[in-house]
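Undergrad: Quick one: the structure is below, and I'll ask about it shortly.
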Amino acid sequence: MLTTIIMFGIAVVLTVFAYSRGVYIEGLKFSGKTFLGVLPLLIASFAVAGMVQVLIPKDIIAKWLGKEAGFKGIMIGWLIGFLIPLSPYALFPILASFYKIGASASCLVTLIAAWGMGTVSRLPLEISILGPKFVLIRVASTFILPPIAGLLAKTFFS
């Protein structure tokens, strides 16, 4: 709720600033186009998230991504995060549903960290643009840092 209030506050301040510069209509048009472009994906993502909550048994989530999964769950979260090619609009509603049915914060933090640091689907483009040495170093950090983030989350959420 607090995040929503903050975002609305920022939106109001920026809209007032855009109004003072005479560009608020252009900003509102762009906002509307963005909203309409993302809306179908949001609807589908929330539908998937809802179905995940009722179709995946809680004991399976608890076994593989729950507190009882321990370090194995952190590594499973890392693997899923590294392999999953979803946009944030699709990923976060699904992860929220996992959290509601028993996934631990440490596993989800690991998953999000691995996903954010770069999924497998980006490797070909990244190699072609940045070169294999750069990508190798970045991928190596992806092996190390997300599990560390998960262990830190485990400490804070325990």
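Labels used: A, B, ... for chains in the order of the structure tokens, numbers from 1 for residues in each chain, and numbers from 1 for ligands as shown.
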Just the residues within 8 Å of stretch 94-110 of chain A, please, counting only C-alpha atoms, with nothing from its chain fewer than 4 positions along; format it as a compact mmCIF listing (two decimals) with all heavy atoms, in the first residue's frame.
TA:
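Listing of result-v1.txt after writing:
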```txt
# COMPACT_ATOMS: atom_id res chain seq x y z
N SER A 45 -0.73 -12.80 -16.98
CA SER A 45 0.16 -13.13 -15.87
C SER A 45 -0.60 -13.35 -14.58
O SER A 45 -0.32 -14.28 -13.82
CB SER A 45 1.19 -12.02 -15.67
OG SER A 45 1.99 -11.90 -16.81
N PHE A 46 -1.56 -12.50 -14.31
CA PHE A 46 -2.34 -12.67 -13.09
C PHE A 46 -3.23 -13.91 -13.18
O PHE A 46 -3.46 -14.59 -12.17
CB PHE A 46 -3.16 -11.42 -12.76
CG PHE A 46 -2.31 -10.33 -12.15
CD1 PHE A 46 -1.93 -9.24 -12.89
CD2 PHE A 46 -1.88 -10.43 -10.84
CE1 PHE A 46 -1.13 -8.25 -12.34
CE2 PHE A 46 -1.08 -9.46 -10.27
CZ PHE A 46 -0.69 -8.36 -11.02
N VAL A 48 -2.35 -16.67 -14.83
CA VAL A 48 -1.41 -17.75 -14.58
C VAL A 48 -1.09 -17.84 -13.09
O VAL A 48 -1.08 -18.94 -12.52
CB VAL A 48 -0.11 -17.56 -15.41
CG1 VAL A 48 0.98 -18.52 -14.95
CG2 VAL A 48 -0.39 -17.75 -16.89
N ALA A 49 -0.85 -16.70 -12.45
CA ALA A 49 -0.55 -16.70 -11.02
C ALA A 49 -1.69 -17.31 -10.21
O ALA A 49 -1.45 -18.10 -9.28
CB ALA A 49 -0.27 -15.27 -10.55
N GLY A 50 -2.91 -16.97 -10.56
CA GLY A 50 -4.06 -17.55 -9.86
C GLY A 50 -4.17 -19.05 -10.08
O GLY A 50 -4.45 -19.81 -9.14
N VAL A 52 -1.71 -21.07 -10.82
CA VAL A 52 -0.59 -21.69 -10.12
C VAL A 52 -0.98 -21.96 -8.67
O VAL A 52 -0.70 -23.03 -8.13
CB VAL A 52 0.67 -20.78 -10.20
CG1 VAL A 52 1.70 -21.14 -9.15
CG2 VAL A 52 1.29 -20.85 -11.59
N GLN A 53 -1.65 -21.00 -8.04
CA GLN A 53 -2.03 -21.16 -6.63
C GLN A 53 -2.99 -22.32 -6.42
O GLN A 53 -2.95 -22.96 -5.38
CB GLN A 53 -2.66 -19.88 -6.10
CG GLN A 53 -1.64 -18.80 -5.85
CD GLN A 53 -2.25 -17.61 -5.15
OE1 GLN A 53 -3.06 -17.75 -4.24
NE2 GLN A 53 -1.86 -16.42 -5.57
N LYS A 58 0.64 -27.28 -2.62
CA LYS A 58 1.50 -26.52 -1.70
C LYS A 58 2.69 -27.35 -1.23
O LYS A 58 3.77 -26.82 -1.02
CB LYS A 58 0.69 -26.03 -0.50
CG LYS A 58 -0.32 -24.98 -0.86
CD LYS A 58 -1.12 -24.55 0.35
CE LYS A 58 -2.15 -23.52 -0.10
NZ LYS A 58 -2.94 -23.01 0.99
N ASP A 59 2.49 -28.65 -1.06
CA ASP A 59 3.58 -29.48 -0.57
C ASP A 59 4.72 -29.59 -1.58
O ASP A 59 5.88 -29.73 -1.21
CB ASP A 59 3.08 -30.86 -0.14
CG ASP A 59 2.36 -31.63 -1.23
OD1 ASP A 59 1.69 -30.99 -2.07
OD2 ASP A 59 2.45 -32.87 -1.25
N ILE A 61 5.60 -27.08 -3.71
CA ILE A 61 6.32 -25.80 -3.58
C ILE A 61 7.15 -25.82 -2.30
O ILE A 61 8.32 -25.42 -2.31
CB ILE A 61 5.34 -24.61 -3.58
CG1 ILE A 61 4.66 -24.46 -4.95
CG2 ILE A 61 6.04 -23.32 -3.19
CD1 ILE A 61 5.59 -24.11 -6.08
N ALA A 62 6.58 -26.30 -1.22
CA ALA A 62 7.31 -26.35 0.06
C ALA A 62 8.53 -27.27 -0.06
O ALA A 62 9.61 -26.95 0.44
CB ALA A 62 6.40 -26.83 1.17
N LEU A 65 10.91 -25.33 -3.02
CA LEU A 65 11.26 -23.92 -2.84
C LEU A 65 10.91 -23.38 -1.45
O LEU A 65 11.06 -22.19 -1.21
CB LEU A 65 10.55 -23.07 -3.89
CG LEU A 65 10.98 -23.27 -5.34
CD1 LEU A 65 10.06 -22.50 -6.29
CD2 LEU A 65 12.43 -22.88 -5.55
N GLY A 66 10.46 -24.24 -0.57
CA GLY A 66 10.06 -23.79 0.77
C GLY A 66 11.23 -23.77 1.74
O GLY A 66 12.36 -24.11 1.40
N LYS A 67 10.94 -23.39 2.97
CA LYS A 67 11.98 -23.32 4.00
C LYS A 67 12.63 -24.68 4.22
O LYS A 67 13.82 -24.77 4.47
CB LYS A 67 11.39 -22.80 5.31
CG LYS A 67 11.07 -21.33 5.26
CD LYS A 67 10.50 -20.86 6.57
CE LYS A 67 10.15 -19.38 6.46
NZ LYS A 67 9.52 -18.88 7.67
N GLY A 73 16.89 -25.72 -2.10
CA GLY A 73 15.87 -24.81 -2.62
C GLY A 73 16.48 -23.55 -3.19
O GLY A 73 16.02 -23.03 -4.21
N ILE A 74 17.51 -23.05 -2.52
CA ILE A 74 18.21 -21.86 -3.04
C ILE A 74 18.81 -22.17 -4.40
O ILE A 74 18.71 -21.38 -5.34
CB ILE A 74 19.26 -21.38 -2.02
CG1 ILE A 74 18.55 -20.72 -0.83
CG2 ILE A 74 20.27 -20.43 -2.66
CD1 ILE A 74 19.46 -20.32 0.31
N MET A 75 19.41 -23.34 -4.53
CA MET A 75 20.02 -23.70 -5.82
C MET A 75 18.96 -23.96 -6.90
O MET A 75 19.17 -23.63 -8.06
CB MET A 75 20.94 -24.92 -5.64
CG MET A 75 22.15 -24.62 -4.75
SD MET A 75 23.02 -23.08 -5.15
CE MET A 75 23.69 -23.48 -6.74
N ILE A 76 17.82 -24.50 -6.50
CA ILE A 76 16.73 -24.68 -7.46
C ILE A 76 16.21 -23.31 -7.90
O ILE A 76 15.95 -23.09 -9.08
CB ILE A 76 15.60 -25.56 -6.87
CG1 ILE A 76 16.10 -27.00 -6.73
CG2 ILE A 76 14.33 -25.49 -7.71
CD1 ILE A 76 15.20 -27.89 -5.91
N GLY A 77 16.06 -22.39 -6.95
CA GLY A 77 15.66 -21.03 -7.29
C GLY A 77 16.65 -20.38 -8.24
O GLY A 77 16.27 -19.72 -9.20
N TRP A 78 17.95 -20.60 -7.99
CA TRP A 78 18.99 -20.06 -8.88
C TRP A 78 18.81 -20.61 -10.29
O TRP A 78 18.84 -19.87 -11.26
CB TRP A 78 20.39 -20.40 -8.34
CG TRP A 78 21.45 -20.09 -9.33
CD1 TRP A 78 22.04 -18.89 -9.53
CD2 TRP A 78 22.01 -20.98 -10.29
NE1 TRP A 78 22.95 -18.98 -10.57
CE2 TRP A 78 22.94 -20.26 -11.05
CE3 TRP A 78 21.81 -22.34 -10.58
CZ2 TRP A 78 23.68 -20.83 -12.07
CZ3 TRP A 78 22.54 -22.90 -11.61
CH2 TRP A 78 23.46 -22.15 -12.33
N GLY A 81 15.69 -19.22 -11.99
CA GLY A 81 15.92 -17.82 -12.33
C GLY A 81 16.84 -17.65 -13.52
O GLY A 81 16.63 -16.77 -14.36
N ALA A 90 5.32 -10.65 -16.17
CA ALA A 90 4.86 -12.02 -16.08
C ALA A 90 5.44 -12.73 -14.86
O ALA A 90 4.74 -13.49 -14.18
CB ALA A 90 5.24 -12.78 -17.35
N ALA A 114 19.09 -14.24 -9.81
CA ALA A 114 19.61 -14.96 -10.99
C ALA A 114 18.92 -14.48 -12.26
O ALA A 114 19.57 -14.25 -13.28
CB ALA A 114 19.43 -16.47 -10.80
N PRO A 146 23.75 -14.76 -6.81
CA PRO A 146 22.38 -15.07 -6.39
C PRO A 146 22.28 -16.00 -5.18
O PRO A 146 21.48 -15.74 -4.27
CB PRO A 146 21.74 -15.68 -7.64
CG PRO A 146 22.49 -15.01 -8.76
CD PRO A 146 23.91 -14.94 -8.26
N PRO A 147 23.08 -17.08 -5.10
CA PRO A 147 23.00 -17.89 -3.87
C PRO A 147 23.41 -17.11 -2.61
O PRO A 147 22.83 -17.31 -1.55
CB PRO A 147 23.97 -19.05 -4.14
CG PRO A 147 24.00 -19.17 -5.63
CD PRO A 147 23.89 -17.75 -6.13
N ILE A 148 24.37 -16.20 -2.76
CA ILE A 148 24.75 -15.37 -1.62
C ILE A 148 23.56 -14.49 -1.21
O ILE A 148 23.25 -14.34 -0.02
CB ILE A 148 25.99 -14.52 -1.93
CG1 ILE A 148 27.22 -15.43 -2.07
CG2 ILE A 148 26.22 -13.44 -0.88
CD1 ILE A 148 28.46 -14.73 -2.59
N ALA A 149 22.88 -13.92 -2.19
CA ALA A 149 21.68 -13.10 -1.91
C ALA A 149 20.62 -13.94 -1.22
O ALA A 149 19.96 -13.49 -0.27
CB ALA A 149 21.14 -12.50 -3.20
N GLY A 150 20.45 -15.18 -1.65
CA GLY A 150 19.48 -16.08 -1.02
C GLY A 150 19.84 -16.40 0.42
O GLY A 150 18.97 -16.42 1.29
N LEU A 151 21.13 -16.62 0.67
CA LEU A 151 21.56 -16.90 2.05
C LEU A 151 21.38 -15.67 2.94
O LEU A 151 20.99 -15.80 4.10
CB LEU A 151 23.02 -17.37 2.05
CG LEU A 151 23.24 -18.75 1.42
CD1 LEU A 151 24.74 -19.04 1.27
CD2 LEU A 151 22.57 -19.84 2.24
N LEU A 152 21.64 -14.49 2.39
CA LEU A 152 21.39 -13.26 3.15
C LEU A 152 19.90 -13.11 3.46
O LEU A 152 19.52 -12.75 4.58
CB LEU A 152 21.88 -12.04 2.39
CG LEU A 152 23.38 -11.81 2.37
CD1 LEU A 152 23.75 -10.70 1.39
CD2 LEU A 152 23.88 -11.48 3.77
N ALA A 153 19.06 -13.39 2.47
CA ALA A 153 17.61 -13.32 2.69
C ALA A 153 17.18 -14.32 3.76
O ALA A 153 16.32 -14.02 4.60
CB ALA A 153 16.86 -13.58 1.39
N LYS A 154 17.79 -15.50 3.73
CA LYS A 154 17.46 -16.52 4.74
C LYS A 154 17.76 -15.98 6.14
O LYS A 154 17.00 -16.19 7.07
CB LYS A 154 18.24 -17.79 4.46
CG LYS A 154 17.88 -18.93 5.35
CD LYS A 154 18.60 -20.19 4.93
CE LYS A 154 18.10 -21.37 5.77
NZ LYS A 154 18.64 -22.63 5.31
N PHE A 157 15.06 -13.22 6.94
CA PHE A 157 13.67 -13.69 7.05
C PHE A 157 13.49 -14.81 8.05
O PHE A 157 12.39 -15.28 8.25
CB PHE A 157 13.15 -14.12 5.67
CG PHE A 157 12.77 -12.98 4.79
CD1 PHE A 157 13.69 -12.44 3.88
CD2 PHE A 157 11.52 -12.41 4.85
CE1 PHE A 157 13.36 -11.38 3.07
CE2 PHE A 157 11.17 -11.35 4.04
CZ PHE A 157 12.09 -10.83 3.15
```
Undergrad: Take atom CA of A:Ile60 and atom CA of A:Ala113 and report the distance between them in Å, one decimal.
TA: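 One can read the atom CA of A:Ile60 to atom CA of A:Ala113 distance as 22.2 Å.
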Undergrad: Rank A:Phe17, A:Ile112, A:Gly70, A:Pro85 by their smallest atom-to-atom distance to A:Thr155, using only C-alpha atoms, and report the top residue only.
TA: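 Of the candidates, the smallest distance to A:Thr155 is held by A:Gly70.
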Undergrad: Quick one: DSSP alpha helix (DSSP H) residues in chain A, as a ChimeraX atom specification?
TA: /A:2-21,24-55,58-65,70-83,88-100,105-117,123-130,132-157
Undergrad: Compare A:Ile84, A:Leu28, A:Met117, A:Val23 by their minimum atom-to-atom distance to A:Val135, counting only C-alpha atoms, and give me the closest one.
TA: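 So, comparing all the options, the nearest one is A:Met117.
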Undergrad: Rounded to one decimal, what separation in Å do you get between atom CA of A:Phe156 and atom CA of A:Trp64?
TA: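 Computed distance, atom CA of A:Phe156 to atom CA of A:Trp64, equals 20.2 Å.
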Undergrad: If you measure from atom CA of A:Gly27 to atom CA of A:Phe8, what distance in Å do you get, rounded to one decimal?
TA: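 Atom CA of A:Gly27 sits 15.0 Å away from atom CA of A:Phe8.
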Undergrad: I'd like to know which of A:Phe35, A:Tyr19, A:Phe143, A:Phe82 is closest to A:Ser121, using only C-alpha atoms.
TA: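 Of all the options, A:Phe82 lies closest to A:Ser121.
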